[in-house]
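Engineer: So here's target_29.txt (compact mmCIF, C-alpha atoms and all ligand atoms).
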# COMPACT_ATOMS: atom_id res chain seq x y z
CA MET A 1 -8.69 21.02 9.90
CA ALA A 2 -4.97 20.94 10.71
CA ILE A 3 -1.98 18.83 9.74
CA LYS A 4 0.34 17.45 12.42
CA PRO A 5 3.63 15.70 11.48
CA LEU A 6 3.65 11.99 12.38
CA ILE A 7 6.71 10.31 10.78
CA ASP A 8 9.50 12.38 9.25
CA ALA A 9 11.07 11.87 5.83
CA SER A 10 14.38 10.42 7.04
CA THR A 11 12.65 7.85 9.29
CA ILE A 12 10.51 6.80 6.32
CA ALA A 13 13.56 6.57 4.03
CA GLN A 14 15.42 4.41 6.57
CA ARG A 15 12.50 1.97 6.98
CA VAL A 16 11.80 1.78 3.24
CA THR A 17 15.45 0.92 2.57
CA GLU A 18 15.33 -1.81 5.24
CA LEU A 19 12.22 -3.32 3.63
CA ALA A 20 13.86 -3.23 0.19
CA HIS A 21 16.90 -5.09 1.54
CA GLU A 22 14.64 -7.70 3.18
CA ILE A 23 12.80 -8.20 -0.12
CA THR A 24 16.10 -8.45 -2.02
CA ASN A 25 17.29 -11.21 0.33
CA ASP A 26 13.98 -13.09 0.27
CA TYR A 27 13.74 -13.21 -3.53
CA LEU A 28 17.37 -13.83 -4.53
CA GLY A 29 17.50 -15.54 -7.92
CA LYS A 30 13.81 -14.91 -8.55
CA GLU A 31 12.08 -12.45 -10.82
CA LEU A 32 9.58 -10.19 -9.13
CA VAL A 33 6.43 -8.38 -10.19
CA ILE A 34 5.74 -5.34 -8.01
CA VAL A 35 2.07 -4.35 -8.01
CA PRO A 36 1.38 -0.95 -6.44
CA VAL A 37 -2.27 -0.23 -5.66
CA LEU A 38 -3.10 3.24 -6.99
CA LYS A 39 -3.08 5.91 -6.03
CA GLY A 40 -1.99 5.95 -2.41
CA SER A 41 1.02 3.65 -2.70
CA TYR A 42 2.77 5.29 -5.64
CA VAL A 43 5.35 7.25 -3.61
CA PHE A 44 6.15 4.32 -1.32
CA ALA A 45 6.46 1.96 -4.30
CA ALA A 46 8.66 4.39 -6.23
CA ASP A 47 11.10 4.67 -3.31
CA LEU A 48 10.97 0.95 -2.47
CA VAL A 49 11.78 -0.37 -5.96
CA ARG A 50 14.85 1.83 -6.21
CA TYR A 51 16.50 -0.14 -3.39
CA ILE A 52 15.45 -3.64 -4.46
CA GLU A 53 18.48 -5.15 -6.16
CA LEU A 54 16.71 -7.75 -8.33
CA ASP A 55 15.25 -8.03 -11.80
CA LEU A 56 11.70 -6.83 -11.46
CA SER A 57 8.78 -5.42 -13.35
CA VAL A 58 6.11 -3.02 -12.12
CA ASP A 59 2.44 -3.26 -13.00
CA PHE A 60 -0.33 -1.15 -11.46
CA LEU A 61 -3.75 -1.93 -10.03
CA GLY A 62 -6.27 0.87 -9.75
CA VAL A 63 -9.05 0.32 -7.24
CA ARG A 64 -11.99 2.21 -5.89
CA SER A 65 -13.52 1.21 -2.60
CA TYR A 66 -17.05 2.10 -1.77
CA GLY A 67 -17.91 3.63 1.58
CA ASP A 68 -16.90 7.00 2.94
CA ALA A 69 -13.40 8.27 3.60
CA GLN A 70 -13.16 6.69 7.04
CA ASP A 71 -15.07 3.47 6.53
CA SER A 72 -14.30 0.93 3.88
CA SER A 73 -17.31 -1.16 2.87
CA GLY A 74 -15.14 -3.96 1.53
CA VAL A 75 -16.72 -3.62 -1.88
CA VAL A 76 -13.84 -2.94 -4.20
CA GLN A 77 -13.96 -2.16 -7.89
CA ILE A 78 -10.86 -2.64 -10.03
CA THR A 79 -10.69 0.53 -12.15
CA THR A 80 -7.34 -0.24 -13.82
CA ASP A 81 -6.32 -3.85 -14.18
CA LEU A 82 -2.84 -5.31 -14.56
CA SER A 83 -1.47 -5.07 -18.08
CA HIS A 84 0.29 -8.46 -17.97
CA SER A 85 -0.49 -11.95 -16.70
CA ILE A 86 0.96 -12.83 -13.28
CA GLU A 87 0.65 -16.59 -13.81
CA ASP A 88 3.74 -18.34 -12.36
CA LYS A 89 5.21 -14.99 -11.29
CA HIS A 90 6.37 -13.92 -7.83
CA VAL A 91 4.13 -10.98 -6.95
CA ILE A 92 4.32 -8.40 -4.17
CA LEU A 93 1.23 -6.24 -3.76
CA ILE A 94 2.13 -2.76 -2.49
CA GLU A 95 -0.40 -0.88 -0.35
CA ASP A 96 -0.27 2.50 1.33
CA ILE A 97 -2.24 1.45 4.40
CA VAL A 98 -4.11 -1.56 5.69
CA ASP A 99 -7.01 -0.20 7.71
CA THR A 100 -9.93 -2.64 8.09
CA GLY A 101 -8.13 -5.12 5.82
CA LEU A 102 -11.16 -5.49 3.56
CA THR A 103 -9.54 -4.01 0.44
CA VAL A 104 -6.40 -6.15 0.62
CA SER A 105 -8.38 -9.23 1.44
CA TYR A 106 -10.51 -8.70 -1.69
CA LEU A 107 -7.44 -8.06 -3.84
CA PHE A 108 -5.66 -11.15 -2.53
CA LYS A 109 -8.63 -13.34 -3.40
CA ASN A 110 -8.80 -11.78 -6.85
CA LEU A 111 -5.07 -12.06 -7.60
CA SER A 112 -4.85 -15.62 -6.25
CA THR A 113 -7.25 -16.81 -8.93
CA ARG A 114 -4.65 -15.72 -11.51
CA ARG A 115 -2.24 -18.42 -10.26
CA PRO A 116 0.88 -16.46 -9.31
CA ALA A 117 3.88 -18.53 -8.15
CA SER A 118 3.69 -16.56 -4.90
CA LEU A 119 1.80 -13.56 -3.58
CA LYS A 120 2.93 -11.35 -0.70
CA LEU A 121 1.98 -7.99 0.73
CA ALA A 122 4.02 -4.90 1.52
CA SER A 123 2.23 -2.03 3.22
CA LEU A 124 3.68 1.26 4.36
CA LEU A 125 1.18 1.54 7.23
CA HIS A 126 -1.14 -0.63 9.31
CA LYS A 127 -3.88 0.37 11.74
CA PRO A 128 -4.17 -2.82 13.84
CA SER A 129 -6.93 -1.41 16.03
CA ARG A 130 -9.26 -1.16 13.00
CA THR A 131 -8.90 -4.73 11.76
CA ARG A 132 -12.09 -6.36 10.49
CA GLU A 133 -10.45 -8.92 8.24
CA ALA A 134 -7.02 -10.10 9.40
CA VAL A 135 -4.40 -10.02 6.66
CA LYS A 136 -0.76 -11.04 6.85
CA ILE A 137 1.49 -8.08 6.05
CA ASP A 138 4.80 -9.61 4.97
CA TYR A 139 6.65 -6.29 4.77
CA LEU A 140 5.33 -3.54 7.04
CA GLY A 141 6.64 0.01 7.33
CA PHE A 142 4.94 1.29 10.48
CA ALA A 143 1.94 0.50 12.69
CA VAL A 144 -0.12 3.59 13.55
CA GLU A 145 -2.97 4.45 15.88
CA ASP A 146 -6.50 5.01 14.65
CA VAL A 147 -5.80 8.40 13.07
CA PHE A 148 -6.31 9.72 9.53
CA VAL A 149 -2.91 9.83 7.84
CA VAL A 150 -1.88 11.92 4.83
CA GLY A 151 1.34 12.63 2.96
CA TYR A 152 3.93 10.48 1.18
CA GLY A 153 1.28 9.47 -1.36
CA LEU A 154 -1.74 9.35 0.95
CA ASP A 155 -4.45 11.92 0.38
CA HIS A 156 -7.32 13.70 1.94
CA ALA A 157 -9.78 14.70 -0.81
CA GLN A 158 -6.90 14.21 -3.30
CA LYS A 159 -4.63 16.67 -1.48
CA PHE A 160 -1.42 16.23 0.55
CA ARG A 161 -0.03 13.34 -1.53
CA ASN A 162 3.05 15.48 -2.18
CA LEU A 163 4.04 15.97 1.47
CA PRO A 164 7.48 14.34 1.88
CA TYR A 165 6.53 13.10 5.38
CA LEU A 166 3.52 11.42 7.01
CA ALA A 167 1.09 13.60 8.91
CA VAL A 168 -2.18 13.32 10.79
CA VAL A 169 -5.26 15.29 9.86
CA THR A 170 -6.95 16.64 12.94
CA GLY A 171 -10.28 18.40 13.25
CA GLU A 172 -13.34 17.76 11.15
CA LEU A 173 -12.95 15.35 8.24
CA PRO A 174 -15.42 15.89 5.42
CA PRO A 175 -15.95 12.84 3.21
CA GLY A 176 -13.68 12.65 0.18
CA ALA A 177 -10.38 10.90 0.88
CA SER A 178 -9.85 8.13 -1.59
CA GLN A 179 -7.40 5.80 -3.21
P1 LIG B 201 -9.32 -0.93 4.18
O1 LIG B 201 -10.09 -1.68 3.15
O2 LIG B 201 -8.10 -1.67 4.70
O3 LIG B 201 -10.22 -0.48 5.30
O4 LIG B 201 -8.90 0.43 3.52
C1 LIG B 201 -7.79 0.59 2.77
C2 LIG B 201 -7.82 1.92 2.05
O5 LIG B 201 -8.52 2.96 2.78
C3 LIG B 201 -6.40 2.41 1.93
O6 LIG B 201 -5.75 1.86 0.82
C4 LIG B 201 -6.60 3.91 1.85
O7 LIG B 201 -6.87 4.31 0.53
C5 LIG B 201 -7.84 4.19 2.68
N1 LIG B 201 -7.43 4.64 4.03
C6 LIG B 201 -7.61 3.98 5.19
N2 LIG B 201 -7.08 4.67 6.22
C7 LIG B 201 -6.55 5.80 5.69
C8 LIG B 201 -5.85 6.91 6.26
O8 LIG B 201 -5.58 7.03 7.46
N3 LIG B 201 -5.46 7.89 5.38
C9 LIG B 201 -5.73 7.82 4.04
N4 LIG B 201 -5.28 8.84 3.29
N5 LIG B 201 -6.37 6.78 3.47
C10 LIG B 201 -6.78 5.78 4.31
Spit out the file's structure as structure tokens when you get a sec.
Structural biologist:
Amino acid sequence: MAIKPLIDASTIAQRVTELAHEITNDYLGKELVIVPVLKGSYVFAADLVRYIELDLSVDFLGVRSYGDAQDSSGVVQITTDLSHSIEDKHVILIEDIVDTGLTVSYLFKNLSTRRPASLKLASLLHKPSRTREAVKIDYLGFAVEDVFVVGYGLDHAQKFRNLPYLAVVTGELPPGASQ
């Protein structure tokens, strides 16, 4: 197994700042709730919120998806739920990566039942070639090929989240990567 750099730290920082400015402009005068999906999106969310110039709160969702590291089954369990109601709030769900789309699609259905004023999605990465359930990504960092990405919050068997850049794992991939 080897790690090959994919997107460097300054390119990520530039794109994350652009997304934060877009969000700031889109929600002027509104109060936002930022909902990072743990664990993979915590680094992206931490950088993103620091450049959003609005009143906002942050509340976390912990999820576990069944299936192996490479194949989401679409069955998602919420392991840590939001600590506050999102009724009548403007919510942005923050994901690390949209792969098949099954996880986000489940979460959108779940969060919609809680009657937010609006619900949008920001994802650092998207693998369009793997789509099984199409989801609209309102704020996207980068589209990537069908490769297994680690770093900047994303793990392989809980490792590599601390890499300051995005990298691709090459070689054999034992099961074990997770949210
Ligand atoms: P989906 O339900 O869209 O297929 O899967 C979404 C979840 O699968 C992501 O939030 C992430 O935890 C995991 N995942 C999918 N592709 C990758 C990848 O390339 N690298 C890592 N580290 N996790 C991935």
Engineer: Neighbours of ligand LIG 201 (chain B) within 9 Å, counting all atoms listed in the file, as a ChimeraX atom specification?
Structural biologist: /A:37-41,63-65,69-76,95-106,125-127,130-133,144,146-151,153-158,160-161,168-169,177-179
Engineer: Between CA of Pro36 (chain A) and CA of Ser123 (chain A), what is the distance, to one decimal in Å?
Structural biologist: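 Computing it gives 9.8 Å between the two atoms.
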Engineer: Determine, counting all atoms listed in the file, which protein, DNA and RNA residues have an atom within 9 Å of an atom of region 82-87 of chain A; residues of the same chain fewer than 5 positions away are not included. Present the result as a PyMOL selection string.
Structural biologist: chain A and resi 33+35+59-62+111+114-117
Engineer: Please determine, counting only C-alpha atoms, which residue among A:Ile23, A:Leu32, A:Ala45, A:Ala143 has the shortest atom-to-atom distance to Asp88 (chain A).
Structural biologist: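 Ranked by minimum distance to Asp88 (chain A), first place goes to A:Leu32.
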Engineer: Counting all atoms listed in the file, which of A:Ala46, A:Leu54, A:Leu93, A:Ala9 gets nearest to Glu22 (chain A)?
Structural biologist: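 Distance minimum relative to Glu22 (chain A) lands on A:Leu54.
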Engineer: With distances taken over all atoms listed in the file, which residue among A:Tyr139, A:Gln77, A:Lys30, A:Tyr51 lies nearest Lys89 (chain A)?
Structural biologist: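 When distances to Lys89 (chain A) are compared using all atoms listed in the file, the smallest one comes from A:Lys30.
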Engineer: What separation in Å, quoted to one decimal, exists between CA of Leu119 (chain A) and CA of Phe142 (chain A)?
Structural biologist: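 These atoms are spaced 20.7 Å apart.
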Engineer: Fewer than 5 positions away in the same chain doesn't count, so skip those; otherwise give me all residues within 8 Å of Thr170 (chain A), counting all atoms listed in the file, as an mmCIF file with C-alpha atoms, in the coordinates of the input.
Structural biologist:
data_model
loop_
_atom_site.group_PDB
_atom_site.id
_atom_site.type_symbol
_atom_site.label_atom_id
_atom_site.label_comp_id
_atom_site.auth_asym_id
_atom_site.auth_seq_id
_atom_site.Cartn_x
_atom_site.Cartn_y
_atom_site.Cartn_z
ATOM 1 C CA MET A 1 -8.690 21.020 9.900
ATOM 2 C CA ALA A 2 -4.970 20.940 10.710
ATOM 3 C CA ILE A 3 -1.980 18.830 9.740
ATOM 4 C CA LYS A 4 0.340 17.450 12.420
ATOM 5 C CA PHE A 148 -6.310 9.720 9.530
#
Engineer: By how many Å are CA of Val58 (chain A) and CA of Ile7 (chain A) apart?
Structural biologist: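 Going from CA of Val58 (chain A) over to CA of Ile7 (chain A), I get 26.5 Å.
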Engineer: Counting all atoms listed in the file, which residue out of A:Ile92, A:Leu28, A:Ala134, A:Leu163 sits closest to Leu48 (chain A)?
Structural biologist: A:Ile92
Engineer: For Thr24 (chain A), which residue out of A:Val43, A:Arg50, A:Pro128, A:Ser10 is the nearest one, using all atoms listed in the file?
Structural biologist: A:Arg50
Engineer: Could you check the closest approach to Ser118 (chain A) for each of A:Ile52, A:Glu31, A:Ile94, A:Asp81 and tell me which residue wins, using only C-alpha atoms?
Structural biologist: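 Among the listed residues, the smallest separation from Ser118 (chain A) belongs to A:Glu31.
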